[in-house]
Amino acid sequence: MAASGKLSVLARQLSTSSAAAQLVKPPVQIFGLEGRYACALYSAAHKTKALEAVEKDLKSLQSQMRSDPKVRDLLINPTIKRNVKAAAMKEVSSRVKYNAATGNLLTVLAENGRLGRLDGIINAYTLIMAAERGEVVCEVKTAKPLDDSQRKQLESALKSFLKPNQSIQLTAKVDPSLIGGMIVSIGDKYVDMSVASKIKKYTDIISAPV
């Protein structure tokens, strides 16, 4: 099928409820606008056996978006007309030799004026692909960096939440505003054990009218 044909198919998948029934269901459901595009992209890539190729394209593009101001400006600048952005996305996709599903997505986003949501769509697709490999994405925020011993203890504790065929993909971030403790999100679970949240809770109790 020609690229224009694939574009129209992807566009219909993204915009009609009747086509949604034909989508290949992802291993994990991601909601919101970003999730909708990511799930449609997963379906298109799955049907052409290009899941990993598309993931590689998106990781490369996301890296460029975060490091190159010119690329970022092209994507989010509202003064650039949609048809100009769409043409640019087609040219870039062809020159860089992105997978057809990746190129179709970029063109559809440009035509719909939603390239500014691309970073979130890439993150959503990354979560879907992690689930595809049996990986459970976990993010931990602490007031201070974890040392190796603390990280290993945390990974060991988090593995108790996993199924036998799953592995954990842990990302640790530092947020001094937490003061102490940690915030853990694993899959669709979220636990706030930070000192800052406890202080807020007690402050709300003290401030409440008697």
# chains A, B, ... in the order shown; residues from 1 in each chain; ligands from 1
>>> residues_around(residues="A:Glu52", least_positions_apart="2", cutoff="12 Å", atoms="only C-alpha atoms", output="number ranges by chain")
A: 41-42, 45-46, 48-50, 54-59, 98-99, 101-102, 125-126, 128-130, 132-133
>>> residues_around(residues="A:Leu162", least_positions_apart="5", cutoff="9 Å", atoms="only C-alpha atoms", output="PDB file with N, CA, C and O atoms, in the first residue's frame")
ATOM      1  N   VAL A 136       7.381  -3.846  33.477  1.00  0.00           N
ATOM      2  CA  VAL A 136       6.500  -2.966  34.226  1.00  0.00           C
ATOM      3  C   VAL A 136       7.282  -1.700  34.550  1.00  0.00           C
ATOM      4  O   VAL A 136       8.324  -1.751  35.210  1.00  0.00           O
ATOM      5  N   SER A 167       9.181  -8.200  34.216  1.00  0.00           N
ATOM      6  CA  SER A 167      10.413  -7.633  34.766  1.00  0.00           C
ATOM      7  C   SER A 167      10.157  -6.157  35.039  1.00  0.00           C
ATOM      8  O   SER A 167       9.232  -5.564  34.480  1.00  0.00           O
ATOM      9  N   ILE A 168      10.980  -5.561  35.874  1.00  0.00           N
ATOM     10  CA  ILE A 168      10.753  -4.176  36.259  1.00  0.00           C
ATOM     11  C   ILE A 168      11.719  -3.243  35.525  1.00  0.00           C
ATOM     12  O   ILE A 168      12.887  -3.570  35.322  1.00  0.00           O
TER      13      ILE A 168
END
>>> residues_around(residues="A:Ala88", least_positions_apart="6", cutoff="12 Å", atoms="only C-alpha atoms", output="list in words")
Val71, Leu74, Leu75, Ile80, Lys81, Arg82, Ser94, Arg95, Val96, Gly103, Leu106, Thr107, Leu109, Ala110, Glu111 and Leu115 of chain A
>>> closest_residue(among="A:Thr171, A:Ser194, A:Gln22, A:Asn104", to="A:Val140", atoms="only C-alpha atoms")
A:Thr171
